[in-house]
Amino acid sequence: MIRSQLVISRFNEDITWLDQWKTTFDVLIYNKGEKIKDDNGFEIVNLSNFGREAHTYLNHIVENYDNLYDVTVFLQAKIDDLENWVFHDLNQYITYALNNGYGANSMGVIRKDQWKIDFLKDPKY
């Protein structure tokens, strides 16, 4: 069975949209804002409000390097303003990652018609 995790970087955004994904993913929320009153069964880690979401994602990778999931999806808590930069069906991240070994939707890897980046061959990536 594939272990998949959503790692969410939150400040003070509404996280109720995550409820629909808790049967598909283990959800871990890194909270840099006000304390979350109702965790809805999600794992919450409070962090100091330092850096942006990239800081949160790097922190997660460093702290969990030896125990990362088969597929880890990193998202901001305010997903609705990311428009076409994020899959609306988050299961697509699992499929893409398992087929390709990685996924970077915001870099256009998913939308090959717009970007011609070979992430595995280009050393700057």
# chains A, B, ... in the order shown; residues from 1 in each chain; ligands from 1
call {"tool": "residues_around", "arguments": {"residues": "range 62-71 of chain A", "least_positions_apart": "5", "cutoff": "12 Å", "atoms": "only C-alpha atoms", "output": "PyMOL selection string"}}
result
chain A and resi 1-7+24-28+45+55-57+90-103
call {"tool": "select_by_dssp", "arguments": {"residues": "range 1-89 of chain A", "states": "strand (DSSP E or B)", "output": "list in words"}}
result
Ser4, Gln5, Leu6, Val7, Ile8, Ser9, Arg10, Asp26, Val27, Leu28, Ile29, Tyr30, Asn31, Glu43, Ile44, Val45, Asn46, Val71, Thr72, Val73, Phe74, Leu75 and Gln76 of chain A
call {"tool": "write_last_selection", "arguments": {"atoms": "C-alpha atoms", "output": "mmCIF file, in the first residue's frame"}}
result
data_model
loop_
_atom_site.group_PDB
_atom_site.id
_atom_site.type_symbol
_atom_site.label_atom_id
_atom_site.label_comp_id
_atom_site.auth_asym_id
_atom_site.auth_seq_id
_atom_site.Cartn_x
_atom_site.Cartn_y
_atom_site.Cartn_z
ATOM 1 C CA SER A 4 0.710 9.343 0.991
ATOM 2 C CA GLN A 5 0.799 12.524 3.022
ATOM 3 C CA LEU A 6 -0.438 16.069 2.591
ATOM 4 C CA VAL A 7 1.890 18.584 4.208
ATOM 5 C CA ILE A 8 0.049 21.867 4.609
ATOM 6 C CA SER A 9 1.658 25.223 5.313
ATOM 7 C CA ARG A 10 -0.893 27.334 7.185
ATOM 8 C CA ASP A 26 -2.378 11.447 6.226
ATOM 9 C CA VAL A 27 -2.679 15.200 6.746
ATOM 10 C CA LEU A 28 0.002 17.141 8.614
ATOM 11 C CA ILE A 29 -0.570 20.854 9.122
ATOM 12 C CA TYR A 30 2.306 23.138 9.990
ATOM 13 C CA ASN A 31 0.644 26.092 11.647
ATOM 14 C CA GLU A 43 -1.810 16.260 13.074
ATOM 15 C CA ILE A 44 -0.844 19.856 13.872
ATOM 16 C CA VAL A 45 2.698 21.119 14.376
ATOM 17 C CA ASN A 46 3.025 24.716 15.505
ATOM 18 C CA VAL A 71 4.304 10.357 -1.870
ATOM 19 C CA THR A 72 4.316 13.700 -0.066
ATOM 20 C CA VAL A 73 2.250 16.570 -1.443
ATOM 21 C CA PHE A 74 3.200 20.051 -0.215
ATOM 22 C CA LEU A 75 0.466 22.695 -0.395
ATOM 23 C CA GLN A 76 -0.467 26.038 1.079
#
call {"tool": "closest_residue", "arguments": {"among": "A:Asp89, A:Asn12, A:Lys37, A:Ile61", "to": "Asn49 in chain A", "atoms": "only C-alpha atoms"}}
result
A:Asn12
call {"tool": "atom_distance", "arguments": {"atom1": "CA of Gln20 in chain A", "atom2": "CA of Phe50 in chain A"}}
result
28.8 Å
call {"tool": "atom_distance", "arguments": {"atom1": "CA of Gly33 in chain A", "atom2": "CA of Glu13 in chain A"}}
result
8.6 Å
call {"tool": "residues_around", "arguments": {"residues": "Lys32 in chain A", "least_positions_apart": "6", "cutoff": "6 Å", "atoms": "only C-alpha atoms", "output": "list in words"}}
result
Phe11, Leu47, Ser48 and Asn49 of chain A
call {"tool": "closest_residue", "arguments": {"among": "A:Lys22, A:Asn40, A:Ala77, A:Lys35", "to": "Arg52 in chain A", "atoms": "only C-alpha atoms"}}
result
A:Ala77
call {"tool": "decode", "arguments": {"residues": "range 27-113 of chain A", "atoms": "C-alpha atoms", "output": "JSON list (two decimals), in the first residue's frame"}}
result
[["chain", "number", "residue", "atom", "x", "y", "z"],
["A", 27, "VAL", "CA", -2.68, 15.20, 6.75],
["A", 28, "LEU", "CA", 0.00, 17.14, 8.61],
["A", 29, "ILE", "CA", -0.57, 20.85, 9.12],
["A", 30, "TYR", "CA", 2.31, 23.14, 9.99],
["A", 31, "ASN", "CA", 0.64, 26.09, 11.65],
["A", 32, "LYS", "CA", 2.40, 29.46, 11.82],
["A", 33, "GLY", "CA", -0.67, 31.47, 12.79],
["A", 34, "GLU", "CA", -3.26, 31.51, 15.54],
["A", 35, "LYS", "CA", -3.77, 28.24, 17.36],
["A", 36, "ILE", "CA", -6.18, 25.93, 15.57],
["A", 37, "LYS", "CA", -9.21, 25.39, 17.79],
["A", 38, "ASP", "CA", -10.60, 22.25, 16.11],
["A", 39, "ASP", "CA", -7.96, 19.99, 14.61],
["A", 40, "ASN", "CA", -10.55, 17.74, 12.89],
["A", 41, "GLY", "CA", -8.28, 14.80, 13.64],
["A", 42, "PHE", "CA", -5.33, 16.24, 11.72],
["A", 43, "GLU", "CA", -1.81, 16.26, 13.07],
["A", 44, "ILE", "CA", -0.84, 19.86, 13.87],
["A", 45, "VAL", "CA", 2.70, 21.12, 14.38],
["A", 46, "ASN", "CA", 3.03, 24.72, 15.50],
["A", 47, "LEU", "CA", 5.98, 26.62, 14.08],
["A", 48, "SER", "CA", 7.19, 30.16, 14.61],
["A", 49, "ASN", "CA", 6.01, 32.50, 11.89],
["A", 50, "PHE", "CA", 9.33, 32.60, 10.10],
["A", 51, "GLY", "CA", 9.78, 32.33, 6.36],
["A", 52, "ARG", "CA", 7.15, 31.37, 3.85],
["A", 53, "GLU", "CA", 5.78, 28.01, 2.80],
["A", 54, "ALA", "CA", 9.15, 26.95, 1.37],
["A", 55, "HIS", "CA", 10.60, 27.24, 4.87],
["A", 56, "THR", "CA", 7.81, 24.98, 6.13],
["A", 57, "TYR", "CA", 8.40, 22.39, 3.41],
["A", 58, "LEU", "CA", 12.16, 22.37, 3.93],
["A", 59, "ASN", "CA", 11.66, 22.04, 7.68],
["A", 60, "HIS", "CA", 9.44, 19.02, 7.08],
["A", 61, "ILE", "CA", 11.95, 17.36, 4.75],
["A", 62, "VAL", "CA", 14.90, 17.94, 7.09],
["A", 63, "GLU", "CA", 13.05, 16.80, 10.22],
["A", 64, "ASN", "CA", 11.54, 13.72, 8.56],
["A", 65, "TYR", "CA", 14.18, 12.82, 6.01],
["A", 66, "ASP", "CA", 14.56, 9.20, 7.13],
["A", 67, "ASN", "CA", 10.81, 8.63, 7.37],
["A", 68, "LEU", "CA", 9.25, 10.43, 4.40],
["A", 69, "TYR", "CA", 6.12, 8.95, 2.86],
["A", 70, "ASP", "CA", 6.10, 7.27, -0.56],
["A", 71, "VAL", "CA", 4.30, 10.36, -1.87],
["A", 72, "THR", "CA", 4.32, 13.70, -0.07],
["A", 73, "VAL", "CA", 2.25, 16.57, -1.44],
["A", 74, "PHE", "CA", 3.20, 20.05, -0.21],
["A", 75, "LEU", "CA", 0.47, 22.69, -0.39],
["A", 76, "GLN", "CA", -0.47, 26.04, 1.08],
["A", 77, "ALA", "CA", -3.58, 26.06, 3.25],
["A", 78, "LYS", "CA", -5.26, 28.59, 0.94],
["A", 79, "ILE", "CA", -5.48, 26.29, -2.03],
["A", 80, "ASP", "CA", -8.28, 28.13, -3.83],
["A", 81, "ASP", "CA", -6.08, 31.05, -4.91],
["A", 82, "LEU", "CA", -3.54, 28.78, -6.61],
["A", 83, "GLU", "CA", -5.93, 28.26, -9.55],
["A", 84, "ASN", "CA", -4.38, 26.05, -12.25],
["A", 85, "TRP", "CA", -1.10, 25.70, -10.35],
["A", 86, "VAL", "CA", -2.56, 22.91, -8.27],
["A", 87, "PHE", "CA", -4.57, 19.78, -9.09],
["A", 88, "HIS", "CA", -8.15, 20.05, -7.93],
["A", 89, "ASP", "CA", -8.21, 16.28, -7.51],
["A", 90, "LEU", "CA", -5.22, 15.74, -5.24],
["A", 91, "ASN", "CA", -5.16, 12.03, -6.16],
["A", 92, "GLN", "CA", -3.53, 13.14, -9.41],
["A", 93, "TYR", "CA", -0.39, 14.01, -7.43],
["A", 94, "ILE", "CA", -0.13, 10.42, -6.27],
["A", 95, "THR", "CA", -0.55, 9.02, -9.78],
["A", 96, "TYR", "CA", 1.92, 11.46, -11.31],
["A", 97, "ALA", "CA", 4.54, 10.95, -8.62],
["A", 98, "LEU", "CA", 4.31, 7.16, -8.82],
["A", 99, "ASN", "CA", 4.60, 7.22, -12.61],
["A", 100, "ASN", "CA", 7.41, 9.80, -12.81],
["A", 101, "GLY", "CA", 9.15, 9.74, -9.44],
["A", 102, "TYR", "CA", 8.36, 13.39, -8.76],
["A", 103, "GLY", "CA", 5.87, 16.11, -9.56],
["A", 104, "ALA", "CA", 6.21, 19.86, -9.69],
["A", 105, "ASN", "CA", 2.96, 21.25, -10.95],
["A", 106, "SER", "CA", 3.88, 24.89, -10.38],
["A", 107, "MET", "CA", 7.01, 24.42, -12.49],
["A", 108, "GLY", "CA", 4.91, 23.13, -15.36],
["A", 109, "VAL", "CA", 6.13, 19.55, -15.34],
["A", 110, "ILE", "CA", 2.51, 18.44, -15.47],
["A", 111, "ARG", "CA", 1.75, 20.85, -18.30],
["A", 112, "LYS", "CA", 4.41, 19.70, -20.72],
["A", 113, "ASP", "CA", 2.99, 21.78, -23.55]]
